[in-house]
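**Student:** Attaching a single structure in structure tokens format; questions to follow.
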Amino acid sequence: MKKLLLGFILDLILTSSLFALPLTALIFQQSAELAKKVSAWNKQCGDKSSYDETCMKKRSRLSGELGQFVSLVNDELESLRDISPDASDDFVKEVNGRRKIMELEVRNALYIIKCLGVAASERQCSAESAAIDVEKTALQAEYKQTHAVFDGTWISIPVTVSPRPKKP
């Protein structure tokens, strides 16, 4: 009886994992959701003083969500590091493409955490934004080949950040 129950539980776990949403697809969903939140923050708070308490709280909460997102993407990156030496060339190509996309998602999120509420003219933020745009353009060409297995569309967090208002 114990063997039967254990076998049933193992079958249930394995079956449910086959139908689980892949982590990459979940990351794409989170990225799209965070992009909307960043856009909403920019519309509501992008031109307000850095002393606006409501906007500062929202920025802090949004930065926390972006930090959790980075942690989630790092989990995916960890799973993409160990490729079997016996893996097919197509599989290796797909994994390497997914890894590049995930690395860009991390770079994008960290950029937003760093530059949310900072003046667009600030050199470091504007240079990073331009570099992310270049990398994203290059990866979009690879995307269809390297990530065709997933049905989701890659929507990276946008790299535009509203300028910080001048102090009164």
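Convention: chains lettered A, B, ... in structure tokens order; per-chain residue numbering from 1; ligands numbered from 1 as shown.
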Within 10 Å of range 27-35 of chain A, which residues of range 86-141 of chain A come that close, and what is the closest atom pair and distance in Å for each? Count only C-alpha atoms and give it as JSON lines.
**Tutor:**
{"residue": "A:Met102", "atom": "CA", "partner": "A:Ile27", "partner_atom": "CA", "distance": 8.6}
{"residue": "A:Glu105", "atom": "CA", "partner": "A:Ser31", "partner_atom": "CA", "distance": 7.9}
{"residue": "A:Asn108", "atom": "CA", "partner": "A:Ser31", "partner_atom": "CA", "distance": 9.9}
{"residue": "A:Ala109", "atom": "CA", "partner": "A:Ser31", "partner_atom": "CA", "distance": 8.9}
**Student:** With a distance cut-off of 7 Å and only C-alpha atoms, select the neighbouring residues of range 58-68 of chain A, excluding the residue or stretch itself and same-chain residues fewer than 4 positions from it, and output the selection as a PDB file with N, CA, C and O atoms, in the first residue's frame.
**Tutor:**
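Produced file part_29.pdb, reproduced below:
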ATOM      1  N   THR A  54       4.413  60.218  -1.500  1.00  0.00           N
ATOM      2  CA  THR A  54       3.661  59.145  -2.151  1.00  0.00           C
ATOM      3  C   THR A  54       4.477  58.527  -3.282  1.00  0.00           C
ATOM      4  O   THR A  54       4.570  57.301  -3.397  1.00  0.00           O
ATOM      5  N   LEU A  72      14.310  36.229  -9.517  1.00  0.00           N
ATOM      6  CA  LEU A  72      13.630  35.212 -10.320  1.00  0.00           C
ATOM      7  C   LEU A  72      14.417  34.904 -11.588  1.00  0.00           C
ATOM      8  O   LEU A  72      14.621  33.736 -11.943  1.00  0.00           O
ATOM      9  N   ALA A 109      16.456  45.590 -15.610  1.00  0.00           N
ATOM     10  CA  ALA A 109      15.828  45.815 -14.297  1.00  0.00           C
ATOM     11  C   ALA A 109      16.762  46.597 -13.373  1.00  0.00           C
ATOM     12  O   ALA A 109      16.324  47.519 -12.670  1.00  0.00           O
ATOM     13  N   ILE A 113      16.112  50.272 -11.627  1.00  0.00           N
ATOM     14  CA  ILE A 113      16.256  50.508 -10.187  1.00  0.00           C
ATOM     15  C   ILE A 113      17.196  51.695  -9.958  1.00  0.00           C
ATOM     16  O   ILE A 113      16.911  52.581  -9.156  1.00  0.00           O
TER      17      ILE A 113
END
**Student:** With distances taken over only C-alpha atoms, which of A:Cys45, A:Cys115, A:Val134, A:Leu23 is nearest to Glu78 in chain A?
**Tutor:**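 Closest to Glu78 in chain A, using only C-alpha atoms: A:Leu23.
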**Student:** Using only C-alpha atoms, can you tell me which of A:Gly117, A:Ala25, A:Asp90, A:Glu76 comes closest to Cys55 in chain A?
**Tutor:**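 Using only C-alpha atoms, the shortest distance to Cys55 in chain A belongs to A:Gly117.
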